[in-house]
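*Asks:* Sharing a structure, written as structure tokens. Questions coming.
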Amino acid sequence: MAETNEQAVARRRTFAIIAHPDAGKTTLTEKLLLFGGAIQLAGEVKAKKNRVQSRSDWMKIERERGISVVTSVMTFEYKDCVFNLLDTPGHEDFADDTYRTLSAVDSAVMVIDAAKGIEPRTLKLFEVCRLRDIPIVTFINKMDRESRDPFEILDEVEEKLALDTAPVNWPIGRSKTFCGTYELASNTVRGSDDEVARTPVNGPQADAAAGKLPENEREAFIEEVDLAREACRPFDRQAFREGHMTPVYFGSALKNFGVRDLIDALVDYGPAPRAQDADIRRVEATEDGMTAFVFKIQANMDPNHRDRIAFARVCSGTLSRGMKAKLVRTGKSITLSAPQFFFASQRQLADEARAGDVVGIPNHGTLRIGDTLTEGEDLLFHGVPNFAPEILRRVRLMDAMKGKKLTEALQQMAEEGVVQLFNPEDGSPAIIGVVGALQIDVLKERLKQEYQLPVDFEPARFSVCRWMEADKAELQRFMDAHRADIARDLDGDPVFMAQNGFSLNYEAERWKAVTFKAIKDYQ
Ligand code: GDP
């Protein structure tokens with residue numbers, strides 16, 4: 001019998017891992033995939049990552065092998081749940097995509113290095129999750145190494161993220177003596193992740209808990225467990241679902257501790273696909289009609305073919321191969337003849353995808369970031385925001401005769417989300433903006449390969465840009481007063497360009513009726 005929408009939705013878990021580089025995201029990903037049977041041997045994801053050594057390598061490798069397409073979405077099954085793990089590019093490949101991906105998930109696993117605590121990138125990604133109150137499960141990694149005191153880490157999460165914490169498990173031992181986890185509420189222990197079931201014990205003093213530690217560490221462990229129970233908040237599912245509380249798990253992705261705790265948690269209470277807000281109404285995940293939105297576009301590896309893969313998250317209903325869907329932006333109908341599913345190591349043709357799933361839709365530039373697909377209904381999801389770029393550059397064309405072609409090409413690239421594009425009101429050359437430096441290299445390479453346009457980039461006189469919100473007259477007054485510092489984004493919305501944070505603050509002080517925004521929703 002076909003699975004009902006309710007059943008399909010209930011067993012879907014669509015999530016991302018957010019972490020500062022080197023906290024252990026790749027290692028954890030690999031372990032999760034192993035549990036799901038999606039890869040045979042640990043080391044496969046890692047091997048892919050290690051091939052990416054420099055930026056230019058990245059371009060070549062991506063083209064040759066389509067690595068980022070393959071690792072963009074990893075689908076695996078575990079305990080009857082279908083997990084869609086969406087990759088958030090992190091090292092040199094950090095980009096606007098990293099943020100956008102977070103608009104397509106229902107929860108996130110935040111990986112923190114136990115010795116380092118909250119690092120800058122973690123904080124940033126967390127803030128993006130908070131915009132939509134995405135529930136966060138915290139994994140304190142590398143407990144097998146010298147680490148900070150667990151209470152101290154919990155305090156830091158509470159303070160820096162303004163997020164309540166509830167430790168669910170507690171580390172048995174520290175660094176060299178770390179040998180498993182103690183679940184506070186259930187009084188159960190698990191040694192390594194090879195132990196499928198947790199063992200019930202009658203308290204932290206049990207042989208299977210404190211008894212595993214050297215004698216001189218036992219008492220401290222028992223006290224800690226008591227203290228954690230008394231002083232920490234108990235896990236509150238509702239507060240977690242609303243994004244106010246994070247359950248915390250301690251472990252070591254490398255040494256196989258605590259990862260099973262984590263994935264079991266996602267099975268037990270990881271949120272199923274959520275309802276999505278559209279312009280005219282809220283769309284429930286269990287509705288029959290298919291709806292989806294595009295959150296990422298990947299250029300094809302072959303530069304001679306301008307085909308792209310658009311990554312769409314299904315929000316409701318069933319997306320099936322061969323179906324016709326309405327692209328609401330243009331009103332046109334498109335046939336989804338070859339949607340692709342992503343089973344960890346190879347791409348497969350999917351027959352159908354349900355709410356929460358992500359599919360790759362090959363197209364020739366028809367689909368843009370933020371696009372909504374439906375079975376006919378005129379609704380637009382406003383799920384994919386723009387984030388103010390952190391790097392701004394002016395585009396310098398080597399061959400002045402090709403100005404018009406460049407304008408078109410930049411427009412295309414911006415629609416695809418490779419970079420953001422800003423056209424200054426004073427008619428000076430376009431400014432591009434990115435959150436990760438690699439995006440500039442990608443743009444340069446693609447303009448050369450696909451459009452035969454050699455370009456260079458020079459520092460713009462601006463380093464910060466913000467969208468503005470104010471009543472019409474006030475906005476006009478501000479723009480008139482700052483003519484040389486106003487540009488238009490892809491949608492024609494005005495953007496204020498500031499030399500630096502200081503001058504932005506200065507203007508914000510002077511123009512109290514204008515709100516300067518670092519985030520803009522697409523529609
Ligand atoms: P990413 O940059 O967040 O993807 O981090 P990786 O997964 O590549 O890990 C960065 C480094 O930390 C690698 O050398 C890993 O082997 C190491 N590492 C990851 N998890 C652990 C852990 O639990 N314990 C220890 N000791 N090292 C770890």
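The chains in the structure tokens are called A, B, ... from first to last as shown; in each chain the residues are counted from 1, and the ligands are counted from 1 in the order shown.
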Within 7 Å of ligand 1, counting only C-alpha atoms and all ligand atoms, which protein or nucleic acid residues do you find, written as a list of chain:residue names?
*Replies:* A:Ala19, A:His20, A:Pro21, A:Asp22, A:Ala23, A:Gly24, A:Lys25, A:Thr26, A:Thr27, A:Leu28, A:Lys46, A:His91, A:Asn141, A:Lys142, A:Met143, A:Asp144, A:Arg145, A:Gly251, A:Ser252, A:Ala253, A:Leu254, A:Lys255
*Asks:* Identify, with DSSP run on backbone atoms, the residues in segment 252-390 of chain A assigned to alpha helix (DSSP H), and express the list as a PyMOL selection string.
*Replies:* chain A and resi 259-269
*Asks:* The selected residues should be written to file as a PDB file, in the first residue's frame (atoms: C-alpha atoms).
*Replies:*
```pdb
ATOM      1  CA  VAL A 259      27.181   9.472  17.661  1.00  0.00           C
ATOM      2  CA  ARG A 260      24.557   6.795  18.089  1.00  0.00           C
ATOM      3  CA  ASP A 261      23.051   8.844  20.918  1.00  0.00           C
ATOM      4  CA  LEU A 262      22.814  11.719  18.495  1.00  0.00           C
ATOM      5  CA  ILE A 263      21.231   9.893  15.599  1.00  0.00           C
ATOM      6  CA  ASP A 264      18.796   8.115  17.911  1.00  0.00           C
ATOM      7  CA  ALA A 265      17.798  11.523  19.209  1.00  0.00           C
ATOM      8  CA  LEU A 266      17.070  12.690  15.682  1.00  0.00           C
ATOM      9  CA  VAL A 267      14.907   9.610  15.155  1.00  0.00           C
ATOM     10  CA  ASP A 268      13.086  10.094  18.455  1.00  0.00           C
ATOM     11  CA  TYR A 269      12.426  13.783  18.446  1.00  0.00           C
TER      12      TYR A 269
END
```
*Asks:* Need to verify the contact set: Phe496 of chain A, 8 Å, only C-alpha atoms, exclusion of same-chain residues closer than 2 positions in sequence. Can you return it as an NGL selection string?
*Replies:* :A and (465-468 or 485-487 or 494 or 498)
*Asks:* Under the rule that only C-alpha atoms are counted, which of A:Arg394, A:Glu215, A:Glu6, A:Asp194 is the nearest residue to Ser316 of chain A?
*Replies:*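 The shortest atom-to-atom distance to Ser316 of chain A comes from A:Glu6.
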*Asks:* Give me every strand (DSSP E or B) residue in segment 307-446 of chain A, going by DSSP on the backbone, as a PyMOL selection string.
*Replies:* chain A and resi 308-316+318-320+324-327+332-335+340-343+346-349+352-354+358-363+372-374+381+385-387+391-397+420-424+431-434
*Asks:* What's around segment 107-119 of chain A at 9 Å? Count only C-alpha atoms, leave out sequence neighbours fewer than 2 positions away in its own chain, and write the answer as a ChimeraX atom specification.
*Replies:* /A:13-20,22-25,28,102,105,121-124,126,129,134-143,145-150,153,156-157,160-161,241,250,262,270-272
*Asks:* Produce a file of the selected residues containing N, CA and C atoms, as a tab-separated table (two decimals), in the first residue's frame.
*Replies:*
```
chain	number	residue	atom	x	y	z
A	13	ARG	N	13.57	13.28	8.09
A	13	ARG	CA	14.38	14.18	8.91
A	13	ARG	C	15.32	14.91	7.97
A	14	THR	N	15.10	16.19	7.79
A	14	THR	CA	15.93	16.95	6.87
A	14	THR	C	16.74	17.95	7.69
A	15	PHE	N	18.05	17.77	7.67
A	15	PHE	CA	18.87	18.57	8.58
A	15	PHE	C	20.23	18.93	7.98
A	16	ALA	N	20.92	19.82	8.65
A	16	ALA	CA	22.27	20.22	8.24
A	16	ALA	C	23.16	20.15	9.47
A	17	ILE	N	24.45	20.12	9.24
A	17	ILE	CA	25.39	20.19	10.34
A	17	ILE	C	26.05	21.57	10.29
A	18	ILE	N	25.99	22.29	11.37
A	18	ILE	CA	26.66	23.58	11.39
A	18	ILE	C	27.86	23.50	12.33
A	19	ALA	N	28.97	24.03	11.85
A	19	ALA	CA	30.20	23.92	12.64
A	19	ALA	C	31.24	24.89	12.12
A	20	HIS	N	32.16	25.25	12.97
A	20	HIS	CA	33.33	25.98	12.54
A	20	HIS	C	34.27	24.97	11.86
A	22	ASP	N	36.99	22.43	11.06
A	22	ASP	CA	37.81	21.54	11.90
A	22	ASP	C	37.15	21.06	13.18
A	23	ALA	N	35.92	21.43	13.41
A	23	ALA	CA	35.25	20.95	14.63
A	23	ALA	C	34.91	19.47	14.51
A	24	GLY	N	34.82	18.98	13.24
A	24	GLY	CA	34.55	17.55	13.08
A	24	GLY	C	33.32	17.25	12.24
A	25	LYS	N	32.89	18.22	11.44
A	25	LYS	CA	31.69	18.01	10.64
A	25	LYS	C	31.85	16.83	9.67
A	28	LEU	N	31.90	13.48	11.51
A	28	LEU	CA	30.56	13.15	12.00
A	28	LEU	C	29.65	12.72	10.85
A	102	LEU	N	20.45	26.48	4.83
A	102	LEU	CA	19.77	26.43	6.12
A	102	LEU	C	18.29	26.81	6.02
A	105	VAL	N	16.22	23.28	5.69
A	105	VAL	CA	16.26	22.19	6.67
A	105	VAL	C	15.22	22.40	7.78
A	121	ARG	N	32.43	30.98	13.19
A	121	ARG	CA	31.55	30.48	12.12
A	121	ARG	C	30.32	29.78	12.70
A	122	THR	N	30.52	29.10	13.82
A	122	THR	CA	29.39	28.43	14.48
A	122	THR	C	28.35	29.47	14.85
A	123	LEU	N	28.84	30.56	15.40
A	123	LEU	CA	27.95	31.62	15.86
A	123	LEU	C	27.13	32.17	14.69
A	124	LYS	N	27.81	32.41	13.60
A	124	LYS	CA	27.15	32.97	12.44
A	124	LYS	C	26.07	32.05	11.89
A	126	PHE	N	24.64	29.70	13.44
A	126	PHE	CA	23.56	29.61	14.43
A	126	PHE	C	22.58	30.76	14.26
A	129	CYS	N	20.19	30.09	11.62
A	129	CYS	CA	19.18	29.13	12.06
A	129	CYS	C	18.12	29.81	12.92
A	134	ILE	N	15.02	27.41	13.89
A	134	ILE	CA	15.28	26.01	13.56
A	134	ILE	C	15.78	25.30	14.81
A	135	PRO	N	15.15	24.18	15.17
A	135	PRO	CA	15.62	23.44	16.34
A	135	PRO	C	17.06	22.93	16.16
A	136	ILE	N	17.84	23.06	17.22
A	136	ILE	CA	19.26	22.71	17.14
A	136	ILE	C	19.58	21.61	18.16
A	137	VAL	N	20.25	20.59	17.70
A	137	VAL	CA	20.78	19.57	18.59
A	137	VAL	C	22.29	19.82	18.67
A	138	THR	N	22.81	19.85	19.88
A	138	THR	CA	24.24	20.18	20.02
A	138	THR	C	25.07	18.91	20.27
A	139	PHE	N	26.17	18.82	19.54
A	139	PHE	CA	27.09	17.70	19.73
A	139	PHE	C	28.45	18.27	20.12
A	140	ILE	N	28.86	17.97	21.36
A	140	ILE	CA	30.18	18.44	21.82
A	140	ILE	C	31.18	17.35	21.45
A	141	ASN	N	31.98	17.67	20.45
A	141	ASN	CA	32.86	16.66	19.86
A	141	ASN	C	34.27	16.69	20.48
A	142	LYS	N	35.00	15.66	20.21
A	142	LYS	CA	36.41	15.52	20.63
A	142	LYS	C	36.58	15.41	22.14
A	143	MET	N	35.64	14.71	22.76
A	143	MET	CA	35.78	14.49	24.20
A	143	MET	C	36.93	13.54	24.53
A	145	ARG	N	39.80	14.11	23.68
A	145	ARG	CA	41.01	14.93	23.81
A	145	ARG	C	40.88	15.87	25.00
A	146	GLU	N	41.96	16.56	25.30
A	146	GLU	CA	41.89	17.59	26.34
A	146	GLU	C	40.72	18.50	26.02
A	147	SER	N	39.85	18.70	26.97
A	147	SER	CA	38.68	19.53	26.65
A	147	SER	C	38.37	20.45	27.81
A	148	ARG	N	37.43	21.33	27.55
A	148	ARG	CA	36.99	22.19	28.65
A	148	ARG	C	36.04	21.42	29.54
A	149	ASP	N	35.81	21.98	30.71
A	149	ASP	CA	34.85	21.39	31.62
A	149	ASP	C	33.45	21.43	30.98
A	150	PRO	N	32.72	20.33	30.98
A	150	PRO	CA	31.40	20.31	30.33
A	150	PRO	C	30.46	21.41	30.81
A	153	ILE	N	31.28	24.57	29.08
A	153	ILE	CA	30.82	24.60	27.68
A	153	ILE	C	29.31	24.90	27.63
A	156	GLU	N	28.77	28.47	28.17
A	156	GLU	CA	29.15	29.29	27.01
A	156	GLU	C	28.06	29.27	25.94
A	157	VAL	N	27.48	28.10	25.70
A	157	VAL	CA	26.39	28.01	24.72
A	157	VAL	C	25.23	28.91	25.17
A	160	LYS	N	26.60	32.80	24.90
A	160	LYS	CA	26.90	33.35	23.58
A	160	LYS	C	25.74	33.22	22.61
A	161	LEU	N	24.92	32.19	22.77
A	161	LEU	CA	23.84	31.99	21.81
A	161	LEU	C	22.47	32.34	22.39
A	241	ARG	N	11.55	22.30	19.99
A	241	ARG	CA	10.87	22.48	18.70
A	241	ARG	C	10.72	23.96	18.34
A	250	PHE	N	27.41	14.68	24.35
A	250	PHE	CA	28.87	14.69	24.35
A	250	PHE	C	29.35	13.44	23.62
A	262	LEU	N	23.27	10.58	19.29
A	262	LEU	CA	22.81	11.72	18.50
A	262	LEU	C	21.80	11.30	17.43
A	270	GLY	N	13.77	14.43	16.52
A	270	GLY	CA	14.17	15.36	15.47
A	270	GLY	C	12.90	15.75	14.73
A	271	PRO	N	12.73	17.03	14.43
A	271	PRO	CA	11.45	17.43	13.83
A	271	PRO	C	11.27	16.89	12.42
A	272	ALA	N	10.06	16.48	12.12
A	272	ALA	CA	9.67	16.09	10.76
A	272	ALA	C	9.49	17.38	9.95
```
*Asks:* Nearest to Asn505 of chain A: which of A:Ile172, A:Ile519, A:Val464, A:Ala409 is it, counting only C-alpha atoms?
*Replies:*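 When distances to Asn505 of chain A are compared using only C-alpha atoms, the smallest one comes from A:Val464.
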*Asks:* Considering only C-alpha atoms, return as a VMD selection string whatever protein or nucleic-acid residues lie within 6 Å of segment 450-457 of chain A, sequence-local ones (same chain, fewer than 3 positions apart) excluded.
*Replies:* chain A and resid 393 to 398 446 to 447
*Asks:* With only C-alpha atoms as the basis for distance, which of A:Glu219, A:Asp288, A:Asp493, A:Asp155 is at the shortest distance from Ala231 of chain A?
*Replies:*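 Among the listed residues, A:Asp155 lies closest to Ala231 of chain A.
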*Asks:* Nearest to Ala95 of chain A: which of A:Gln449, A:Leu125, A:Phe381, A:Leu184 is it, counting only C-alpha atoms?
*Replies:*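 Answer, going by the shortest atom-to-atom distance: A:Leu125.
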*Asks:* Given the choices A:Thr188, A:Thr286, A:Asn202, A:Thr101, which gets closest to Gln7 of chain A if the distance is worked out from only C-alpha atoms?
*Replies:*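 Closest to Gln7 of chain A of all the choices is A:Thr286.
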*Asks:* Which of these residues is nearest to Pro424 of chain A, using only C-alpha atoms: A:Lys520, A:Arg354, A:Arg510, A:His482?
*Replies:*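 Selected residue with least distance to Pro424 of chain A: A:His482.
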*Asks:* Got a sec: who's within 9 Å of Met245 of chain A, counting only C-alpha atoms, leaving out chain neighbours fewer than 6 positions off, as a ChimeraX atom specification?
*Replies:* /A:135-137,163-166,235-239
*Asks:* What lies within 8 Å of Ala228 of chain A using only C-alpha atoms, ignoring chain neighbours under 4 positions off, as a list in words?
*Replies:*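 Here the qualifying residues turn out to be Pro167, Glu224 and Cys232 of chain A.
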